[in-house]
$ cat my_file-v7.cif   # mmCIF, N, CA and C atoms
data_structure
loop_
_atom_site.label_atom_id
_atom_site.label_comp_id
_atom_site.auth_asym_id
_atom_site.auth_seq_id
_atom_site.Cartn_x
_atom_site.Cartn_y
_atom_site.Cartn_z
N MET A 1 14.79 -16.98 18.10
CA MET A 1 14.66 -15.55 17.92
C MET A 1 13.77 -15.22 16.74
N LYS A 2 13.94 -15.93 15.62
CA LYS A 2 13.13 -15.69 14.43
C LYS A 2 11.65 -15.96 14.72
N ILE A 3 11.40 -17.00 15.47
CA ILE A 3 10.01 -17.34 15.81
C ILE A 3 9.41 -16.24 16.68
N THR A 4 10.17 -15.70 17.61
CA THR A 4 9.68 -14.63 18.47
C THR A 4 9.35 -13.38 17.65
N ILE A 5 10.22 -13.00 16.75
CA ILE A 5 9.98 -11.83 15.90
C ILE A 5 8.76 -12.06 15.02
N PHE A 6 8.67 -13.23 14.41
CA PHE A 6 7.51 -13.56 13.57
C PHE A 6 6.23 -13.48 14.38
N THR A 7 6.24 -14.04 15.57
CA THR A 7 5.04 -14.04 16.42
C THR A 7 4.63 -12.61 16.78
N LEU A 8 5.59 -11.78 17.16
CA LEU A 8 5.27 -10.38 17.49
C LEU A 8 4.71 -9.64 16.29
N LEU A 9 5.32 -9.80 15.13
CA LEU A 9 4.82 -9.14 13.92
C LEU A 9 3.44 -9.66 13.53
N PHE A 10 3.26 -10.95 13.63
CA PHE A 10 1.97 -11.56 13.24
C PHE A 10 0.85 -11.06 14.13
N PHE A 11 1.05 -11.09 15.45
CA PHE A 11 -0.02 -10.68 16.35
C PHE A 11 -0.18 -9.18 16.44
N SER A 12 0.86 -8.40 16.14
CA SER A 12 0.70 -6.95 16.15
C SER A 12 -0.24 -6.50 15.03
N CYS A 13 -0.30 -7.26 13.95
CA CYS A 13 -1.25 -6.95 12.87
C CYS A 13 -2.67 -6.96 13.38
N PHE A 14 -2.97 -7.85 14.31
CA PHE A 14 -4.34 -7.98 14.79
C PHE A 14 -4.73 -6.85 15.73
N ALA A 15 -3.80 -6.03 16.15
CA ALA A 15 -4.13 -4.93 17.05
C ALA A 15 -4.94 -3.86 16.34
N PHE A 16 -4.62 -3.55 15.09
CA PHE A 16 -5.29 -2.50 14.36
C PHE A 16 -5.45 -2.91 12.90
N CYS A 17 -6.27 -3.89 12.64
CA CYS A 17 -6.43 -4.39 11.27
C CYS A 17 -7.67 -3.82 10.61
N SER A 18 -7.89 -2.56 10.76
CA SER A 18 -9.00 -1.92 10.09
C SER A 18 -8.62 -1.65 8.64
N GLU A 19 -9.59 -1.75 7.75
CA GLU A 19 -9.32 -1.52 6.34
C GLU A 19 -9.31 -0.04 5.98
N LEU A 20 -10.02 0.79 6.75
CA LEU A 20 -10.07 2.23 6.48
C LEU A 20 -9.70 3.01 7.73
N SER A 21 -8.98 4.10 7.54
CA SER A 21 -8.62 4.96 8.66
C SER A 21 -9.83 5.81 9.06
N GLN A 22 -9.72 6.46 10.22
CA GLN A 22 -10.80 7.34 10.67
C GLN A 22 -11.03 8.48 9.69
N SER A 23 -9.95 9.03 9.12
CA SER A 23 -10.13 10.13 8.16
C SER A 23 -10.82 9.64 6.88
N GLN A 24 -10.52 8.42 6.46
CA GLN A 24 -11.20 7.86 5.28
C GLN A 24 -12.68 7.64 5.57
N LEU A 25 -12.99 7.17 6.78
CA LEU A 25 -14.39 6.97 7.16
C LEU A 25 -15.12 8.31 7.25
N THR A 26 -14.45 9.33 7.77
CA THR A 26 -15.05 10.66 7.85
C THR A 26 -15.31 11.20 6.45
N ASP A 27 -14.36 11.03 5.54
CA ASP A 27 -14.55 11.47 4.15
C ASP A 27 -15.70 10.71 3.49
N LEU A 28 -15.79 9.41 3.77
CA LEU A 28 -16.88 8.60 3.21
C LEU A 28 -18.23 9.13 3.66
N LYS A 29 -18.33 9.47 4.94
CA LYS A 29 -19.59 9.99 5.49
C LYS A 29 -19.92 11.36 4.89
N LYS A 30 -18.92 12.24 4.78
CA LYS A 30 -19.14 13.56 4.19
C LYS A 30 -19.62 13.43 2.74
N ASN A 31 -18.96 12.56 1.98
CA ASN A 31 -19.35 12.35 0.58
C ASN A 31 -20.78 11.82 0.48
N TRP A 32 -21.15 10.91 1.37
CA TRP A 32 -22.51 10.39 1.35
C TRP A 32 -23.51 11.52 1.63
N LEU A 33 -23.25 12.30 2.67
CA LEU A 33 -24.17 13.37 3.03
C LEU A 33 -24.28 14.42 1.92
N LEU A 34 -23.22 14.66 1.19
CA LEU A 34 -23.25 15.62 0.07
C LEU A 34 -24.00 15.08 -1.15
N ASN A 35 -23.90 13.77 -1.37
CA ASN A 35 -24.45 13.16 -2.59
C ASN A 35 -25.63 12.24 -2.36
N GLU A 36 -26.18 12.24 -1.15
CA GLU A 36 -27.29 11.34 -0.81
C GLU A 36 -28.49 11.63 -1.72
N PRO A 37 -29.03 10.58 -2.37
CA PRO A 37 -30.24 10.78 -3.18
C PRO A 37 -31.41 11.20 -2.29
N LYS A 38 -32.39 11.90 -2.85
CA LYS A 38 -33.57 12.33 -2.07
C LYS A 38 -34.49 11.17 -1.73
N SER A 39 -34.60 10.19 -2.64
CA SER A 39 -35.48 9.05 -2.42
C SER A 39 -34.77 7.77 -2.85
N TYR A 40 -34.75 6.81 -1.93
CA TYR A 40 -34.11 5.52 -2.21
C TYR A 40 -34.61 4.48 -1.20
N ARG A 41 -34.25 3.24 -1.45
CA ARG A 41 -34.64 2.14 -0.56
C ARG A 41 -33.54 1.10 -0.52
N TYR A 42 -33.54 0.31 0.55
CA TYR A 42 -32.57 -0.77 0.69
C TYR A 42 -33.02 -1.74 1.78
N THR A 43 -32.38 -2.88 1.80
CA THR A 43 -32.60 -3.87 2.83
C THR A 43 -31.34 -3.94 3.68
N LEU A 44 -31.51 -3.90 4.99
CA LEU A 44 -30.41 -3.98 5.93
C LEU A 44 -30.55 -5.26 6.74
N MET A 45 -29.50 -6.05 6.75
CA MET A 45 -29.48 -7.25 7.58
C MET A 45 -28.41 -7.04 8.65
N HIS A 46 -28.77 -7.22 9.91
CA HIS A 46 -27.80 -7.03 10.99
C HIS A 46 -28.05 -8.00 12.12
N GLY A 47 -27.02 -8.14 12.95
CA GLY A 47 -27.14 -9.04 14.09
C GLY A 47 -26.96 -10.50 13.72
N VAL A 48 -26.32 -10.76 12.61
CA VAL A 48 -26.13 -12.14 12.16
C VAL A 48 -25.29 -12.88 13.19
N GLY A 49 -25.77 -14.02 13.64
CA GLY A 49 -25.03 -14.81 14.61
C GLY A 49 -25.89 -15.93 15.15
N PRO A 50 -25.43 -16.57 16.21
CA PRO A 50 -26.15 -17.72 16.75
C PRO A 50 -27.48 -17.36 17.41
N PHE A 51 -27.71 -16.05 17.65
CA PHE A 51 -28.94 -15.64 18.32
C PHE A 51 -29.93 -14.99 17.36
N GLY A 52 -29.81 -15.29 16.09
CA GLY A 52 -30.72 -14.76 15.09
C GLY A 52 -30.24 -13.46 14.50
N TYR A 53 -31.05 -12.90 13.63
CA TYR A 53 -30.71 -11.64 12.98
C TYR A 53 -31.98 -10.91 12.61
N THR A 54 -31.82 -9.66 12.21
CA THR A 54 -32.95 -8.82 11.86
C THR A 54 -32.78 -8.32 10.43
N ILE A 55 -33.88 -8.30 9.71
CA ILE A 55 -33.92 -7.72 8.37
C ILE A 55 -34.76 -6.45 8.47
N GLU A 56 -34.22 -5.35 7.99
CA GLU A 56 -34.93 -4.07 7.98
C GLU A 56 -35.15 -3.65 6.53
N LYS A 57 -36.36 -3.30 6.19
CA LYS A 57 -36.66 -2.71 4.88
C LYS A 57 -36.76 -1.21 5.12
N ILE A 58 -35.81 -0.45 4.57
CA ILE A 58 -35.72 0.99 4.78
C ILE A 58 -36.14 1.71 3.51
N VAL A 59 -37.01 2.69 3.65
CA VAL A 59 -37.45 3.51 2.51
C VAL A 59 -37.26 4.97 2.89
N ILE A 60 -36.52 5.70 2.06
CA ILE A 60 -36.32 7.14 2.24
C ILE A 60 -37.06 7.83 1.09
N ARG A 61 -38.04 8.66 1.43
CA ARG A 61 -38.77 9.44 0.42
C ARG A 61 -38.66 10.90 0.76
N ASN A 62 -38.05 11.67 -0.13
CA ASN A 62 -37.85 13.11 0.10
C ASN A 62 -37.24 13.38 1.47
N GLY A 63 -36.27 12.57 1.83
CA GLY A 63 -35.56 12.78 3.09
C GLY A 63 -36.22 12.19 4.33
N LYS A 64 -37.44 11.67 4.21
CA LYS A 64 -38.13 11.08 5.37
C LYS A 64 -38.00 9.56 5.31
N CYS A 65 -37.70 8.98 6.46
CA CYS A 65 -37.44 7.54 6.53
C CYS A 65 -38.61 6.78 7.16
N THR A 66 -38.94 5.63 6.56
CA THR A 66 -39.87 4.66 7.15
C THR A 66 -39.18 3.30 7.12
N ALA A 67 -39.58 2.45 8.04
CA ALA A 67 -38.93 1.14 8.11
C ALA A 67 -39.90 0.09 8.64
N ARG A 68 -39.63 -1.13 8.24
CA ARG A 68 -40.30 -2.28 8.83
C ARG A 68 -39.25 -3.36 9.03
N SER A 69 -39.45 -4.21 10.03
CA SER A 69 -38.43 -5.20 10.36
C SER A 69 -39.03 -6.58 10.56
N GLN A 70 -38.14 -7.54 10.43
CA GLN A 70 -38.51 -8.93 10.65
C GLN A 70 -37.34 -9.61 11.37
N PHE A 71 -37.60 -10.19 12.52
CA PHE A 71 -36.58 -10.91 13.27
C PHE A 71 -36.61 -12.38 12.85
N ILE A 72 -35.43 -12.95 12.69
CA ILE A 72 -35.34 -14.35 12.28
C ILE A 72 -34.45 -15.09 13.27
N PHE A 73 -35.04 -16.07 13.92
CA PHE A 73 -34.30 -16.94 14.83
C PHE A 73 -34.97 -18.31 14.75
N GLY A 74 -34.44 -19.15 13.92
CA GLY A 74 -35.05 -20.45 13.69
C GLY A 74 -36.23 -20.36 12.74
N LYS A 75 -37.11 -19.42 12.97
CA LYS A 75 -38.26 -19.17 12.08
C LYS A 75 -38.38 -17.67 11.86
N ARG A 76 -39.11 -17.31 10.85
CA ARG A 76 -39.34 -15.89 10.55
C ARG A 76 -40.50 -15.39 11.38
N HIS A 77 -40.27 -14.30 12.08
CA HIS A 77 -41.33 -13.65 12.83
C HIS A 77 -42.06 -12.68 11.89
N PRO A 78 -43.26 -12.25 12.22
CA PRO A 78 -44.00 -11.34 11.33
C PRO A 78 -43.29 -9.99 11.15
N TRP A 79 -43.52 -9.37 9.99
CA TRP A 79 -43.02 -8.02 9.74
C TRP A 79 -43.74 -7.06 10.66
N LYS A 80 -43.02 -6.06 11.16
CA LYS A 80 -43.64 -5.04 12.00
C LYS A 80 -43.02 -3.68 11.69
N LYS A 81 -43.77 -2.63 11.99
CA LYS A 81 -43.27 -1.28 11.80
C LYS A 81 -42.04 -1.10 12.70
N SER A 82 -41.05 -0.39 12.18
CA SER A 82 -39.79 -0.26 12.90
C SER A 82 -39.32 1.18 12.87
N SER A 83 -38.32 1.46 13.65
CA SER A 83 -37.70 2.79 13.68
C SER A 83 -36.50 2.81 12.73
N CYS A 84 -36.25 3.93 12.13
CA CYS A 84 -35.08 4.11 11.28
C CYS A 84 -33.84 4.41 12.09
N GLU A 85 -34.02 4.69 13.38
CA GLU A 85 -32.91 5.10 14.22
C GLU A 85 -31.76 4.09 14.19
N GLY A 86 -30.58 4.58 13.82
CA GLY A 86 -29.40 3.74 13.74
C GLY A 86 -29.27 2.94 12.45
N HIS A 87 -30.27 3.04 11.58
CA HIS A 87 -30.29 2.21 10.37
C HIS A 87 -30.11 2.98 9.07
N THR A 88 -29.98 4.30 9.15
CA THR A 88 -29.76 5.06 7.92
C THR A 88 -28.29 4.93 7.52
N ILE A 89 -27.99 5.20 6.26
CA ILE A 89 -26.64 5.02 5.74
C ILE A 89 -25.62 5.82 6.55
N HIS A 90 -25.90 7.10 6.81
CA HIS A 90 -24.90 7.89 7.55
C HIS A 90 -24.75 7.41 8.99
N GLU A 91 -25.82 6.90 9.59
CA GLU A 91 -25.72 6.35 10.95
C GLU A 91 -24.92 5.05 10.96
N LEU A 92 -25.05 4.27 9.90
CA LEU A 92 -24.26 3.04 9.80
C LEU A 92 -22.77 3.38 9.70
N ILE A 93 -22.45 4.41 8.91
CA ILE A 93 -21.05 4.83 8.80
C ILE A 93 -20.54 5.30 10.16
N THR A 94 -21.37 6.05 10.89
CA THR A 94 -21.00 6.52 12.23
C THR A 94 -20.76 5.34 13.16
N SER A 95 -21.60 4.32 13.09
CA SER A 95 -21.43 3.17 13.98
C SER A 95 -20.14 2.41 13.65
N VAL A 96 -19.77 2.39 12.37
CA VAL A 96 -18.49 1.76 11.99
C VAL A 96 -17.33 2.58 12.56
N GLN A 97 -17.42 3.91 12.44
CA GLN A 97 -16.38 4.78 13.00
C GLN A 97 -16.21 4.51 14.51
N GLU A 98 -17.33 4.44 15.22
CA GLU A 98 -17.29 4.23 16.66
C GLU A 98 -16.69 2.87 17.00
N GLN A 99 -17.07 1.83 16.27
CA GLN A 99 -16.53 0.49 16.53
C GLN A 99 -15.03 0.45 16.26
N GLU A 100 -14.61 1.08 15.17
CA GLU A 100 -13.20 1.09 14.84
C GLU A 100 -12.39 1.85 15.89
N LEU A 101 -12.95 2.93 16.45
CA LEU A 101 -12.27 3.68 17.51
C LEU A 101 -12.13 2.86 18.80
N LYS A 102 -13.16 2.06 19.09
CA LYS A 102 -13.11 1.20 20.28
C LYS A 102 -12.05 0.13 20.13
N GLY A 103 -11.78 -0.25 18.89
CA GLY A 103 -10.75 -1.25 18.62
C GLY A 103 -11.33 -2.55 18.08
N VAL A 104 -10.65 -3.09 17.10
CA VAL A 104 -11.03 -4.37 16.50
C VAL A 104 -9.77 -5.20 16.31
N PHE A 105 -9.95 -6.51 16.41
CA PHE A 105 -8.85 -7.40 16.06
C PHE A 105 -8.73 -7.44 14.54
N SER A 106 -9.87 -7.41 13.87
CA SER A 106 -9.90 -7.37 12.41
C SER A 106 -11.26 -6.85 11.98
N SER A 107 -11.31 -6.30 10.77
CA SER A 107 -12.59 -5.85 10.23
C SER A 107 -12.52 -5.94 8.71
N LYS A 108 -13.69 -6.02 8.11
CA LYS A 108 -13.78 -6.06 6.66
C LYS A 108 -14.87 -5.09 6.24
N ILE A 109 -14.54 -4.22 5.31
CA ILE A 109 -15.47 -3.19 4.85
C ILE A 109 -15.61 -3.30 3.34
N LEU A 110 -16.85 -3.36 2.87
CA LEU A 110 -17.12 -3.32 1.43
C LEU A 110 -17.86 -2.02 1.12
N ILE A 111 -17.45 -1.36 0.06
CA ILE A 111 -18.03 -0.08 -0.34
C ILE A 111 -18.90 -0.28 -1.58
N HIS A 112 -20.10 0.31 -1.58
CA HIS A 112 -20.98 0.23 -2.74
C HIS A 112 -20.28 0.90 -3.92
N GLU A 113 -20.19 0.19 -5.02
CA GLU A 113 -19.41 0.64 -6.17
C GLU A 113 -19.90 1.96 -6.75
N LYS A 114 -21.22 2.11 -6.87
CA LYS A 114 -21.76 3.30 -7.53
C LYS A 114 -21.96 4.48 -6.58
N TYR A 115 -22.49 4.23 -5.38
CA TYR A 115 -22.87 5.31 -4.48
C TYR A 115 -21.87 5.57 -3.35
N GLY A 116 -20.88 4.71 -3.17
CA GLY A 116 -19.79 4.97 -2.23
C GLY A 116 -20.12 4.93 -0.76
N PHE A 117 -21.10 4.14 -0.33
CA PHE A 117 -21.38 3.97 1.10
C PHE A 117 -20.91 2.58 1.52
N ILE A 118 -20.87 2.32 2.82
CA ILE A 118 -20.48 1.01 3.31
C ILE A 118 -21.64 0.05 3.10
N SER A 119 -21.44 -0.93 2.23
CA SER A 119 -22.51 -1.89 1.93
C SER A 119 -22.39 -3.15 2.79
N SER A 120 -21.23 -3.36 3.37
CA SER A 120 -21.06 -4.52 4.24
C SER A 120 -19.93 -4.23 5.22
N TYR A 121 -20.15 -4.59 6.46
CA TYR A 121 -19.13 -4.41 7.48
C TYR A 121 -19.19 -5.59 8.43
N SER A 122 -18.03 -6.12 8.73
CA SER A 122 -17.94 -7.16 9.76
C SER A 122 -16.67 -6.90 10.56
N ALA A 123 -16.76 -7.14 11.85
CA ALA A 123 -15.62 -6.88 12.72
C ALA A 123 -15.58 -7.90 13.85
N ASP A 124 -14.37 -8.12 14.30
CA ASP A 124 -14.13 -8.89 15.50
C ASP A 124 -13.63 -7.88 16.53
N PRO A 125 -14.56 -7.33 17.35
CA PRO A 125 -14.21 -6.25 18.28
C PRO A 125 -13.21 -6.70 19.34
N LYS A 126 -12.41 -5.75 19.79
CA LYS A 126 -11.50 -6.01 20.90
C LYS A 126 -12.31 -6.07 22.17
N THR A 127 -12.49 -7.23 22.69
CA THR A 127 -13.23 -7.43 23.94
C THR A 127 -12.81 -8.75 24.54
N ASP A 128 -12.97 -8.89 25.85
CA ASP A 128 -12.66 -10.15 26.50
C ASP A 128 -13.81 -11.15 26.37
N ALA A 129 -14.99 -10.65 26.02
CA ALA A 129 -16.15 -11.52 25.85
C ALA A 129 -16.00 -12.32 24.56
N SER A 130 -16.51 -13.52 24.56
CA SER A 130 -16.41 -14.35 23.35
C SER A 130 -17.64 -14.17 22.47
N ASP A 131 -17.49 -14.50 21.21
CA ASP A 131 -18.58 -14.49 20.23
C ASP A 131 -19.25 -13.11 20.13
N GLN A 132 -18.45 -12.07 19.93
CA GLN A 132 -18.97 -10.71 19.86
C GLN A 132 -18.86 -10.13 18.44
N ASP A 133 -18.80 -10.99 17.43
CA ASP A 133 -18.69 -10.50 16.06
C ASP A 133 -19.79 -9.50 15.76
N TRP A 134 -19.47 -8.53 14.93
CA TRP A 134 -20.37 -7.42 14.60
C TRP A 134 -20.49 -7.37 13.09
N HIS A 135 -21.71 -7.33 12.57
CA HIS A 135 -21.89 -7.41 11.12
C HIS A 135 -23.18 -6.70 10.69
N PHE A 136 -23.10 -6.06 9.52
CA PHE A 136 -24.32 -5.63 8.84
C PHE A 136 -24.06 -5.68 7.34
N GLU A 137 -25.16 -5.78 6.61
CA GLU A 137 -25.07 -5.81 5.15
C GLU A 137 -26.25 -5.05 4.55
N VAL A 138 -25.95 -4.15 3.62
CA VAL A 138 -26.96 -3.39 2.90
C VAL A 138 -27.09 -4.02 1.52
N SER A 139 -28.31 -4.38 1.13
CA SER A 139 -28.51 -4.98 -0.18
C SER A 139 -29.75 -4.35 -0.85
N GLY A 140 -29.90 -4.59 -2.11
CA GLY A 140 -31.08 -4.12 -2.83
C GLY A 140 -31.21 -2.61 -2.88
N PHE A 141 -30.10 -1.89 -2.85
CA PHE A 141 -30.15 -0.43 -2.85
C PHE A 141 -30.62 0.07 -4.21
N THR A 142 -31.72 0.81 -4.21
CA THR A 142 -32.24 1.40 -5.44
C THR A 142 -32.66 2.84 -5.20
N VAL A 143 -32.37 3.68 -6.17
CA VAL A 143 -32.77 5.08 -6.11
C VAL A 143 -34.09 5.21 -6.85
N ASN A 144 -35.05 5.90 -6.23
CA ASN A 144 -36.37 6.06 -6.82
C ASN A 144 -36.45 7.34 -7.63
#

$ encode --input "my_file-v7.cif" --output "structure tokens"
Amino acid sequence: MKITIFTLLFFSCFAFCSELSQSQLTDLKKNWLLNEPKSYRYTLMHGVGPFGYTIEKIVIRNGKCTARSQFIFGKRHPWKKSSCEGHTIHELITSVQEQELKGVFSSKILIHEKYGFISSYSADPKTDASDQDWHFEVSGFTVN
């Protein structure tokens, strides 16, 4: 009986192991939109896994975004002009909200100490497919 109770409690944790609630994520996004600097830059790494990953260099100047990307799979591919779509800070927060609503077995969220945005997110989404880990990391954030 004790083993059954332990097993149920242990695996029930994996049903909703998000670090932040939807209301906390909404507040995080609102705070970012209220306090977003006019000009800043950062590097975004996403898609980390066995099939390579992408590095995005994002520059926001007076509210306008430009980006360039480099795909890495075994070797580095050349840098190319890229779209900012889905790669801005508030869009990243939105994508985390959406993933958390869909369900995760577990997730880990790191918040930038000074500016309060999600600087790193990784999740094991609830899906029957294998190897579906989801991850992004924002680094080199500087305000111009």

$ resolve_selection --input "my_file-v7.cif" --expression "the PyMOL selection byres (((chain A and resi 126 and name CA) around 8) and name CA)" --output "list in words"
Lys102, Gly103, Val104, Phe105, Asp124, Pro125, Thr127 and Asp128 of chain A

$ resolve_selection --input "my_file-v7.cif" --expression "the PyMOL selection byres ((chain A and resi 83) around 8)" --output "list in words"
Cys65, Thr66, Ala67, Arg68, Ser69, Lys80, Lys81, Ser82, Cys84, Glu85, Gly86, His87 and Thr88 of chain A

$ closest_residue --input "my_file-v7.cif" --among "A:Leu44, A:Lys29, A:Leu20, A:Ile72" --to "Phe136 in chain A" --atoms "only N, CA and C atoms"
A:Leu44

$ closest_residue --input "my_file-v7.cif" --among "A:Ala123, A:Leu33, A:Leu25, A:Val143" --to "His90 in chain A" --atoms "only C-alpha atoms"
A:Leu33

$ select_by_dssp --input "my_file-v7.cif" --residues "range 86-137 of chain A" --states "helix (DSSP H, G or I)" --output "MDAnalysis selection string"
chainID A and resid 89:102

$ select_by_dssp --input "my_file-v7.cif" --residues "range 15-137 of chain A" --states "strand (DSSP E or B)" --output "number ranges by chain"
A: 40-46, 53-61, 64-73, 75-76, 80-82, 104-111, 118-125, 134-137

$ closest_residue --input "my_file-v7.cif" --among "A:Glu137, A:Ser95, A:Ser21, A:Gly74" --to "Gly52 in chain A" --atoms "all atoms listed in the file"
A:Gly74

$ closest_residue --input "my_file-v7.cif" --among "A:Lys114, A:His135, A:Ile60, A:Gln99" --to "Gly47 in chain A" --atoms "all atoms listed in the file"
A:His135

$ resolve_selection --input "my_file-v7.cif" --expression "the PyMOL selection byres (((chain A and resi 138 and name CA) around 10) and name CA)" --output "compact mmCIF listing (two decimals) with N, CA and C atoms, in the coordinates of the input"
# COMPACT_ATOMS: atom_id res chain seq x y z
N TYR A 42 -33.54 0.31 0.55
CA TYR A 42 -32.57 -0.77 0.69
C TYR A 42 -33.02 -1.74 1.78
N THR A 43 -32.38 -2.88 1.80
CA THR A 43 -32.60 -3.87 2.83
C THR A 43 -31.34 -3.94 3.68
N LEU A 44 -31.51 -3.90 4.99
CA LEU A 44 -30.41 -3.98 5.93
C LEU A 44 -30.55 -5.26 6.74
N MET A 45 -29.50 -6.05 6.75
CA MET A 45 -29.48 -7.25 7.58
C MET A 45 -28.41 -7.04 8.65
N HIS A 46 -28.77 -7.22 9.91
CA HIS A 46 -27.80 -7.03 10.99
C HIS A 46 -28.05 -8.00 12.12
N ILE A 55 -33.88 -8.30 9.71
CA ILE A 55 -33.92 -7.72 8.37
C ILE A 55 -34.76 -6.45 8.47
N GLU A 56 -34.22 -5.35 7.99
CA GLU A 56 -34.93 -4.07 7.98
C GLU A 56 -35.15 -3.65 6.53
N LYS A 57 -36.36 -3.30 6.19
CA LYS A 57 -36.66 -2.71 4.88
C LYS A 57 -36.76 -1.21 5.12
N ILE A 58 -35.81 -0.45 4.57
CA ILE A 58 -35.72 0.99 4.78
C ILE A 58 -36.14 1.71 3.51
N HIS A 87 -30.27 3.04 11.58
CA HIS A 87 -30.29 2.21 10.37
C HIS A 87 -30.11 2.98 9.07
N ILE A 89 -27.99 5.20 6.26
CA ILE A 89 -26.64 5.02 5.74
C ILE A 89 -25.62 5.82 6.55
N LEU A 92 -25.05 4.27 9.90
CA LEU A 92 -24.26 3.04 9.80
C LEU A 92 -22.77 3.38 9.70
N LEU A 110 -16.85 -3.36 2.87
CA LEU A 110 -17.12 -3.32 1.43
C LEU A 110 -17.86 -2.02 1.12
N HIS A 112 -20.10 0.31 -1.58
CA HIS A 112 -20.98 0.23 -2.74
C HIS A 112 -20.28 0.90 -3.92
N PHE A 117 -21.10 4.14 -0.33
CA PHE A 117 -21.38 3.97 1.10
C PHE A 117 -20.91 2.58 1.52
N ILE A 118 -20.87 2.32 2.82
CA ILE A 118 -20.48 1.01 3.31
C ILE A 118 -21.64 0.05 3.10
N SER A 119 -21.44 -0.93 2.23
CA SER A 119 -22.51 -1.89 1.93
C SER A 119 -22.39 -3.15 2.79
N SER A 120 -21.23 -3.36 3.37
CA SER A 120 -21.06 -4.52 4.24
C SER A 120 -19.93 -4.23 5.22
N TYR A 121 -20.15 -4.59 6.46
CA TYR A 121 -19.13 -4.41 7.48
C TYR A 121 -19.19 -5.59 8.43
N PHE A 136 -23.10 -6.06 9.52
CA PHE A 136 -24.32 -5.63 8.84
C PHE A 136 -24.06 -5.68 7.34
N GLU A 137 -25.16 -5.78 6.61
CA GLU A 137 -25.07 -5.81 5.15
C GLU A 137 -26.25 -5.05 4.55
N SER A 139 -28.31 -4.38 1.13
CA SER A 139 -28.51 -4.98 -0.18
C SER A 139 -29.75 -4.35 -0.85
N GLY A 140 -29.90 -4.59 -2.11
CA GLY A 140 -31.08 -4.12 -2.83
C GLY A 140 -31.21 -2.61 -2.88
N PHE A 141 -30.10 -1.89 -2.85
CA PHE A 141 -30.15 -0.43 -2.85
C PHE A 141 -30.62 0.07 -4.21

$ atom_distance --input "my_file-v7.cif" --atom1 "CA of Gly63 in chain A" --atom2 "atom C of Glu36 in chain A"
8.6 Å
